[in-house]
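Engineer: My structure file structure.cif, mmCIF, N, CA, C and O atoms and all ligand atoms, is below:
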data_data
loop_
_atom_site.group_PDB
_atom_site.id
_atom_site.type_symbol
_atom_site.label_atom_id
_atom_site.label_comp_id
_atom_site.auth_asym_id
_atom_site.auth_seq_id
_atom_site.Cartn_x
_atom_site.Cartn_y
_atom_site.Cartn_z
ATOM 1 N N MET A 993 0.849 -1.197 0.000
ATOM 2 C CA MET A 993 0.000 0.000 0.000
ATOM 3 C C MET A 993 0.880 1.239 0.000
ATOM 4 O O MET A 993 1.887 1.269 0.680
ATOM 5 N N PRO A 994 0.471 2.183 -0.754
ATOM 6 C CA PRO A 994 1.284 3.394 -0.841
ATOM 7 C C PRO A 994 1.033 4.353 0.327
ATOM 8 O O PRO A 994 0.013 4.280 0.998
ATOM 9 N N THR A 995 1.987 5.206 0.491
ATOM 10 C CA THR A 995 1.834 6.262 1.483
ATOM 11 C C THR A 995 1.529 7.556 0.749
ATOM 12 O O THR A 995 2.239 7.924 -0.173
ATOM 13 N N TYR A 996 0.485 8.201 1.135
ATOM 14 C CA TYR A 996 0.128 9.447 0.489
ATOM 15 C C TYR A 996 0.534 10.615 1.364
ATOM 16 O O TYR A 996 0.445 10.556 2.584
ATOM 17 N N GLU A 997 0.948 11.642 0.695
ATOM 18 C CA GLU A 997 1.304 12.851 1.424
ATOM 19 C C GLU A 997 0.155 13.839 1.337
ATOM 20 O O GLU A 997 -0.407 14.063 0.273
ATOM 21 N N TYR A 998 -0.123 14.401 2.446
ATOM 22 C CA TYR A 998 -1.182 15.404 2.493
ATOM 23 C C TYR A 998 -0.609 16.688 3.059
ATOM 24 O O TYR A 998 0.200 16.678 3.987
ATOM 25 N N GLN A 999 -1.076 17.769 2.491
ATOM 26 C CA GLN A 999 -0.683 19.076 3.002
ATOM 27 C C GLN A 999 -1.900 19.675 3.681
ATOM 28 O O GLN A 999 -2.971 19.783 3.085
ATOM 29 N N CYS A 1000 -1.727 20.047 4.920
ATOM 30 C CA CYS A 1000 -2.834 20.631 5.644
ATOM 31 C C CYS A 1000 -2.677 22.148 5.691
ATOM 32 O O CYS A 1000 -1.634 22.660 6.056
ATOM 33 N N ASP A 1001 -3.720 22.820 5.291
ATOM 34 C CA ASP A 1001 -3.689 24.278 5.336
ATOM 35 C C ASP A 1001 -4.111 24.799 6.705
ATOM 36 O O ASP A 1001 -4.076 25.986 6.959
ATOM 37 N N GLY A 1002 -4.550 23.906 7.528
ATOM 38 C CA GLY A 1002 -4.951 24.317 8.863
ATOM 39 C C GLY A 1002 -3.752 24.482 9.773
ATOM 40 O O GLY A 1002 -3.563 25.525 10.403
ATOM 41 N N CYS A 1003 -2.918 23.461 9.828
ATOM 42 C CA CYS A 1003 -1.749 23.526 10.711
ATOM 43 C C CYS A 1003 -0.460 23.597 9.906
ATOM 44 O O CYS A 1003 0.622 23.626 10.456
ATOM 45 N N HIS A 1004 -0.594 23.652 8.597
ATOM 46 C CA HIS A 1004 0.560 23.775 7.701
ATOM 47 C C HIS A 1004 1.554 22.652 7.887
ATOM 48 O O HIS A 1004 2.760 22.857 7.800
ATOM 49 N N LYS A 1005 1.019 21.522 8.139
ATOM 50 C CA LYS A 1005 1.900 20.372 8.284
ATOM 51 C C LYS A 1005 1.733 19.467 7.078
ATOM 52 O O LYS A 1005 0.687 19.457 6.428
ATOM 53 N N THR A 1006 2.769 18.722 6.825
ATOM 54 C CA THR A 1006 2.664 17.692 5.807
ATOM 55 C C THR A 1006 2.572 16.359 6.514
ATOM 56 O O THR A 1006 3.448 16.016 7.298
ATOM 57 N N VAL A 1007 1.515 15.671 6.258
ATOM 58 C CA VAL A 1007 1.342 14.386 6.919
ATOM 59 C C VAL A 1007 1.358 13.284 5.885
ATOM 60 O O VAL A 1007 0.886 13.455 4.770
ATOM 61 N N GLU A 1008 1.900 12.177 6.271
ATOM 62 C CA GLU A 1008 1.907 11.023 5.397
ATOM 63 C C GLU A 1008 0.892 10.031 5.921
ATOM 64 O O GLU A 1008 0.889 9.692 7.094
ATOM 65 N N ILE A 1009 0.038 9.616 5.055
ATOM 66 C CA ILE A 1009 -1.017 8.707 5.461
ATOM 67 C C ILE A 1009 -0.935 7.460 4.614
ATOM 68 O O ILE A 1009 -0.856 7.515 3.394
ATOM 69 N N PHE A 1010 -0.931 6.376 5.311
ATOM 70 C CA PHE A 1010 -0.759 5.072 4.721
ATOM 71 C C PHE A 1010 -2.133 4.501 4.452
ATOM 72 O O PHE A 1010 -2.892 4.250 5.377
ATOM 73 N N GLN A 1011 -2.490 4.350 3.212
ATOM 74 C CA GLN A 1011 -3.822 3.837 2.916
ATOM 75 C C GLN A 1011 -3.820 3.132 1.573
ATOM 76 O O GLN A 1011 -2.985 3.406 0.709
ATOM 77 N N PRO A 1012 -4.748 2.239 1.401
ATOM 78 C CA PRO A 1012 -4.841 1.543 0.114
ATOM 79 C C PRO A 1012 -5.290 2.487 -0.980
ATOM 80 O O PRO A 1012 -5.920 3.516 -0.725
ATOM 81 N N MET A 1013 -4.950 2.133 -2.181
ATOM 82 C CA MET A 1013 -5.286 2.998 -3.321
ATOM 83 C C MET A 1013 -6.785 3.175 -3.466
ATOM 84 O O MET A 1013 -7.256 4.152 -4.004
ATOM 85 N N THR A 1014 -7.503 2.188 -3.000
ATOM 86 C CA THR A 1014 -8.950 2.224 -3.178
ATOM 87 C C THR A 1014 -9.645 3.045 -2.104
ATOM 88 O O THR A 1014 -10.831 3.306 -2.189
ATOM 89 N N ALA A 1015 -8.868 3.449 -1.118
ATOM 90 C CA ALA A 1015 -9.483 4.200 -0.026
ATOM 91 C C ALA A 1015 -9.815 5.611 -0.478
ATOM 92 O O ALA A 1015 -9.197 6.158 -1.390
ATOM 93 N N ASP A 1016 -10.782 6.166 0.174
ATOM 94 C CA ASP A 1016 -11.131 7.547 -0.111
ATOM 95 C C ASP A 1016 -10.036 8.455 0.419
ATOM 96 O O ASP A 1016 -9.397 8.144 1.416
ATOM 97 N N PRO A 1017 -9.841 9.575 -0.236
ATOM 98 C CA PRO A 1017 -8.845 10.518 0.256
ATOM 99 C C PRO A 1017 -9.213 11.020 1.640
ATOM 100 O O PRO A 1017 -10.385 11.175 1.966
ATOM 101 N N VAL A 1018 -8.197 11.259 2.408
ATOM 102 C CA VAL A 1018 -8.428 11.771 3.751
ATOM 103 C C VAL A 1018 -8.996 13.182 3.665
ATOM 104 O O VAL A 1018 -8.545 13.989 2.858
ATOM 105 N N LYS A 1019 -9.976 13.445 4.465
ATOM 106 C CA LYS A 1019 -10.611 14.762 4.405
ATOM 107 C C LYS A 1019 -10.392 15.567 5.673
ATOM 108 O O LYS A 1019 -10.672 16.758 5.706
ATOM 109 N N VAL A 1020 -9.926 14.903 6.675
ATOM 110 C CA VAL A 1020 -9.710 15.594 7.934
ATOM 111 C C VAL A 1020 -8.268 15.373 8.374
ATOM 112 O O VAL A 1020 -7.783 14.254 8.384
ATOM 113 N N CYS A 1021 -7.632 16.456 8.718
ATOM 114 C CA CYS A 1021 -6.245 16.368 9.131
ATOM 115 C C CYS A 1021 -6.140 15.619 10.454
ATOM 116 O O CYS A 1021 -6.819 15.958 11.409
ATOM 117 N N PRO A 1022 -5.301 14.589 10.494
ATOM 118 C CA PRO A 1022 -5.158 13.840 11.741
ATOM 119 C C PRO A 1022 -4.416 14.641 12.805
ATOM 120 O O PRO A 1022 -4.422 14.274 13.968
ATOM 121 N N GLU A 1023 -3.777 15.707 12.387
ATOM 122 C CA GLU A 1023 -2.995 16.494 13.338
ATOM 123 C C GLU A 1023 -3.861 17.524 14.050
ATOM 124 O O GLU A 1023 -3.796 17.674 15.254
ATOM 125 N N CYS A 1024 -4.643 18.243 13.297
ATOM 126 C CA CYS A 1024 -5.389 19.337 13.908
ATOM 127 C C CYS A 1024 -6.887 19.212 13.691
ATOM 128 O O CYS A 1024 -7.662 19.975 14.238
ATOM 129 N N GLY A 1025 -7.299 18.235 12.909
ATOM 130 C CA GLY A 1025 -8.728 18.027 12.720
ATOM 131 C C GLY A 1025 -9.341 18.971 11.701
ATOM 132 O O GLY A 1025 -10.541 18.966 11.491
ATOM 133 N N SER A 1026 -8.506 19.762 11.059
ATOM 134 C CA SER A 1026 -9.027 20.677 10.050
ATOM 135 C C SER A 1026 -9.406 19.905 8.795
ATOM 136 O O SER A 1026 -8.859 18.850 8.502
ATOM 137 N N ASN A 1027 -10.347 20.459 8.074
ATOM 138 C CA ASN A 1027 -10.720 19.797 6.827
ATOM 139 C C ASN A 1027 -10.051 20.453 5.630
ATOM 140 O O ASN A 1027 -10.417 20.224 4.493
ATOM 141 N N LYS A 1028 -9.088 21.295 5.927
ATOM 142 C CA LYS A 1028 -8.373 21.955 4.828
ATOM 143 C C LYS A 1028 -7.142 21.150 4.444
ATOM 144 O O LYS A 1028 -6.037 21.675 4.381
ATOM 145 N N ILE A 1029 -7.373 19.905 4.243
ATOM 146 C CA ILE A 1029 -6.243 19.046 3.919
ATOM 147 C C ILE A 1029 -6.397 18.563 2.493
ATOM 148 O O ILE A 1029 -7.507 18.318 2.019
ATOM 149 N N ARG A 1030 -5.285 18.524 1.820
ATOM 150 C CA ARG A 1030 -5.369 18.068 0.429
ATOM 151 C C ARG A 1030 -4.193 17.165 0.131
ATOM 152 O O ARG A 1030 -3.120 17.293 0.707
ATOM 153 N N ARG A 1031 -4.410 16.301 -0.781
ATOM 154 C CA ARG A 1031 -3.378 15.335 -1.099
ATOM 155 C C ARG A 1031 -2.375 15.945 -2.052
ATOM 156 O O ARG A 1031 -2.725 16.663 -2.976
ATOM 157 N N ILE A 1032 -1.147 15.665 -1.779
ATOM 158 C CA ILE A 1032 -0.087 16.118 -2.668
ATOM 159 C C ILE A 1032 0.182 14.999 -3.661
ATOM 160 O O ILE A 1032 0.471 13.879 -3.282
ATOM 161 N N ILE A 1033 0.024 15.334 -4.896
ATOM 162 C CA ILE A 1033 0.320 14.353 -5.926
ATOM 163 C C ILE A 1033 1.793 14.485 -6.281
ATOM 164 O O ILE A 1033 2.213 15.461 -6.896
ATOM 165 N N SER A 1034 2.538 13.533 -5.833
ATOM 166 C CA SER A 1034 3.963 13.578 -6.115
ATOM 167 C C SER A 1034 4.215 12.876 -7.432
ATOM 168 O O SER A 1034 3.992 11.681 -7.568
ATOM 169 N N GLY A 1035 4.647 13.644 -8.384
ATOM 170 C CA GLY A 1035 4.902 13.069 -9.696
ATOM 171 C C GLY A 1035 6.118 12.169 -9.654
ATOM 172 O O GLY A 1035 7.072 12.412 -8.933
ATOM 173 N N GLY A 1036 6.079 11.150 -10.440
ATOM 174 C CA GLY A 1036 7.226 10.256 -10.493
ATOM 175 C C GLY A 1036 7.091 9.144 -9.474
ATOM 176 O O GLY A 1036 6.478 8.132 -9.735
ATOM 177 N N VAL A 1037 7.646 9.402 -8.336
ATOM 178 C CA VAL A 1037 7.624 8.368 -7.303
ATOM 179 C C VAL A 1037 6.214 8.223 -6.755
ATOM 180 O O VAL A 1037 5.665 9.139 -6.177
ATOM 181 N N GLY A 1038 5.662 7.072 -6.963
ATOM 182 C CA GLY A 1038 4.293 6.867 -6.506
ATOM 183 C C GLY A 1038 4.236 6.314 -5.104
ATOM 184 O O GLY A 1038 3.360 6.638 -4.336
ATOM 185 N N VAL A 1039 5.212 5.531 -4.792
ATOM 186 C CA VAL A 1039 5.188 4.875 -3.492
ATOM 187 C C VAL A 1039 6.387 5.332 -2.674
ATOM 188 O O VAL A 1039 7.505 5.330 -3.153
ATOM 189 N N ILE A 1040 6.083 5.742 -1.493
ATOM 190 C CA ILE A 1040 7.162 6.181 -0.607
ATOM 191 C C ILE A 1040 7.256 5.223 0.564
ATOM 192 O O ILE A 1040 6.294 5.049 1.305
ATOM 193 N N PHE A 1041 8.382 4.611 0.669
ATOM 194 C CA PHE A 1041 8.570 3.724 1.806
ATOM 195 C C PHE A 1041 9.348 4.454 2.883
ATOM 196 O O PHE A 1041 10.518 4.770 2.731
ATOM 197 N N LYS A 1042 8.667 4.699 3.926
ATOM 198 C CA LYS A 1042 9.343 5.370 5.036
ATOM 199 C C LYS A 1042 9.663 4.352 6.103
ATOM 200 O O LYS A 1042 9.048 3.297 6.176
ATOM 201 N N GLY A 1043 10.579 4.720 6.920
ATOM 202 C CA GLY A 1043 10.962 3.812 7.988
ATOM 203 C C GLY A 1043 9.849 3.614 8.983
ATOM 204 O O GLY A 1043 8.715 4.026 8.782
ATOM 205 N N SER A 1044 10.183 2.982 10.024
ATOM 206 C CA SER A 1044 9.168 2.692 11.028
ATOM 207 C C SER A 1044 8.751 3.985 11.729
ATOM 208 O O SER A 1044 9.272 5.046 11.455
ATOM 209 N N GLY A 1045 7.839 3.841 12.617
ATOM 210 C CA GLY A 1045 7.405 5.030 13.337
ATOM 211 C C GLY A 1045 6.004 5.420 12.966
ATOM 212 O O GLY A 1045 5.338 6.134 13.691
ATOM 213 N N PHE A 1046 5.576 4.931 11.842
ATOM 214 C CA PHE A 1046 4.229 5.290 11.420
ATOM 215 C C PHE A 1046 3.232 4.252 11.884
ATOM 216 O O PHE A 1046 2.135 4.580 12.275
ATOM 217 N N TYR A 1047 3.659 3.049 11.838
ATOM 218 C CA TYR A 1047 2.771 1.964 12.217
ATOM 219 C C TYR A 1047 2.355 2.072 13.674
ATOM 220 O O TYR A 1047 3.142 2.435 14.525
ATOM 221 N N CYS A 1048 1.136 1.726 13.892
ATOM 222 C CA CYS A 1048 0.650 1.683 15.262
ATOM 223 C C CYS A 1048 1.223 0.445 15.929
ATOM 224 O O CYS A 1048 1.005 -0.657 15.480
ATOM 225 N N THR A 1049 1.978 0.654 16.947
ATOM 226 C CA THR A 1049 2.630 -0.482 17.595
ATOM 227 C C THR A 1049 1.914 -0.895 18.869
ATOM 228 O O THR A 1049 2.447 -1.594 19.683
ATOM 229 N N ASP A 1050 0.719 -0.449 18.988
ATOM 230 C CA ASP A 1050 -0.014 -0.762 20.213
ATOM 231 C C ASP A 1050 -0.671 -2.132 20.153
ATOM 232 O O ASP A 1050 -1.414 -2.509 21.038
ATOM 233 N N TYR A 1051 -0.366 -2.857 19.091
ATOM 234 C CA TYR A 1051 -1.006 -4.153 18.961
ATOM 235 C C TYR A 1051 -0.330 -5.205 19.825
ATOM 236 O O TYR A 1051 -0.905 -6.203 20.146
ATOM 237 N N LYS A 1052 0.894 -4.957 20.145
ATOM 238 C CA LYS A 1052 1.591 -5.905 21.003
ATOM 239 C C LYS A 1052 0.873 -5.988 22.337
ATOM 240 O O LYS A 1052 0.560 -4.964 22.933
ATOM 241 N N GLY A 1053 0.628 -7.207 22.749
ATOM 242 C CA GLY A 1053 -0.149 -7.413 23.968
ATOM 243 C C GLY A 1053 0.452 -6.687 25.163
ATOM 244 O O GLY A 1053 1.254 -7.227 25.910
ATOM 245 N N LYS A 1054 0.032 -5.480 25.299
ATOM 246 C CA LYS A 1054 0.540 -4.691 26.413
ATOM 247 C C LYS A 1054 -0.368 -4.945 27.608
ATOM 248 O O LYS A 1054 -1.543 -4.590 27.570
ATOM 249 N N ASN A 1055 0.185 -5.535 28.598
ATOM 250 C CA ASN A 1055 -0.633 -5.811 29.779
ATOM 251 C C ASN A 1055 -1.020 -4.511 30.461
ATOM 252 O O ASN A 1055 -0.177 -3.773 30.931
ATOM 253 N N ALA A 1056 -2.280 -4.259 30.463
ATOM 254 C CA ALA A 1056 -2.740 -3.069 31.149
ATOM 255 C C ALA A 1056 -2.392 -3.198 32.623
ATOM 256 O O ALA A 1056 -2.581 -4.236 33.221
ATOM 257 N N SER A 1057 -1.852 -2.150 33.118
ATOM 258 C CA SER A 1057 -1.425 -2.186 34.510
ATOM 259 C C SER A 1057 -2.650 -2.361 35.406
ATOM 260 O O SER A 1057 -3.411 -1.443 35.642
ATOM 261 N N SER A 1058 -2.809 -3.606 35.822
ATOM 262 C CA SER A 1058 -3.984 -3.897 36.648
ATOM 263 C C SER A 1058 -3.608 -3.828 38.117
ATOM 264 O O SER A 1058 -3.871 -4.727 38.882
ATOM 265 N N ALA A 1059 -2.972 -2.780 38.446
ATOM 266 C CA ALA A 1059 -2.650 -2.582 39.856
ATOM 267 C C ALA A 1059 -3.905 -2.102 40.569
ATOM 268 O O ALA A 1059 -4.690 -1.358 40.017
ATOM 269 N N GLY A 1060 -4.026 -2.558 41.750
ATOM 270 C CA GLY A 1060 -5.235 -2.338 42.542
ATOM 271 C C GLY A 1060 -5.964 -1.049 42.262
ATOM 272 O O GLY A 1060 -5.645 0.002 42.823
ATOM 273 N N SER A 1061 -6.926 -1.125 41.372
ATOM 274 C CA SER A 1061 -7.732 0.060 41.127
ATOM 275 C C SER A 1061 -9.013 -0.065 41.945
ATOM 276 O O SER A 1061 -10.011 -0.545 41.466
ATOM 277 N N ALA A 1062 -8.908 0.338 43.152
ATOM 278 C CA ALA A 1062 -10.054 0.198 44.036
ATOM 279 C C ALA A 1062 -10.876 1.481 44.038
ATOM 280 O O ALA A 1062 -10.803 2.301 44.935
ATOM 281 N N SER A 1063 -11.579 1.644 42.968
ATOM 282 C CA SER A 1063 -12.419 2.834 42.900
ATOM 283 C C SER A 1063 -13.884 2.432 42.954
ATOM 284 O O SER A 1063 -14.321 1.573 42.210
ATOM 285 N N LYS A 1064 -14.570 3.068 43.819
ATOM 286 C CA LYS A 1064 -15.978 2.696 43.932
ATOM 287 C C LYS A 1064 -16.859 3.918 44.080
ATOM 288 O O LYS A 1064 -16.463 4.845 44.743
HETATM 289 ZN ZN ZN A 1101 -3.719 20.081 10.169
#
Kindly present the structure from the file in structure tokens form.
Structural biologist:
Amino acid sequence: MPTYEYQCDGCHKTVEIFQPMTADPVKVCPECGSNKIRRIISGGVGVIFKGSGFYCTDYKGKNASSAGSASK
């Protein structure tokens, strides 16, 4: 799956969003929630492989700290 670059006019950030080609374009900036985000069509290189850091790594079975939560 390719990584798409989006330019947000709300926070002026460039965000890379990993999504399948068939997915709808992102309409809301994940950074600031603005809808002034648009996809940057990068000519030439269609697929950008970036290093790690983008993937959600919260899938690893992280044991929730079940220390005595005695709230009543
Ligand atoms: Zn933004």
Engineer: Let me have all residues with an atom within 8 Å of ligand ZN 1101 (chain A), counting all atoms listed in the file, laid out as number ranges by chain.
Structural biologist: A: 999-1007, 1020-1029
Engineer: Running the PyMOL selection byres (((chain A and resi 1031) around 7) and not hetatm) on this model by hand, what would come out? Give it as a PyMOL selection string.
Structural biologist: chain A and resi 996-999+1018+1029-1030+1032-1034
Engineer: Figure out the distance between atom N of Lys1019 in chain A and CA of Pro994 in chain A, please, to one decimal in Å.
Structural biologist: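 According to the coordinates, CA of Pro994 in chain A and atom N of Lys1019 in chain A are separated by 16.0 Å.
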Engineer: To one decimal place, how far is atom N of Thr995 in chain A from CA of Met1013 in chain A in Å?
Structural biologist: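 That distance, rounded to one decimal, is 8.5 Å.
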Engineer: With all atoms of range 1017-1034 of chain A from the file as input, state the centre and edge lengths in Å to one decimal of the axis-aligned box that has 8 Å extra on each side, as AutoDock Vina command-line options.
Structural biologist:
--center_x -3.3 --center_y 15.8 --center_z 3.8 --size_x 30.9 --size_y 28.4 --size_z 38.8
Engineer: Could you state the separation of CA of Pro1012 in chain A and atom O of Met993 in chain A in Å, given to one decimal place?
Structural biologist: 6.8 Å
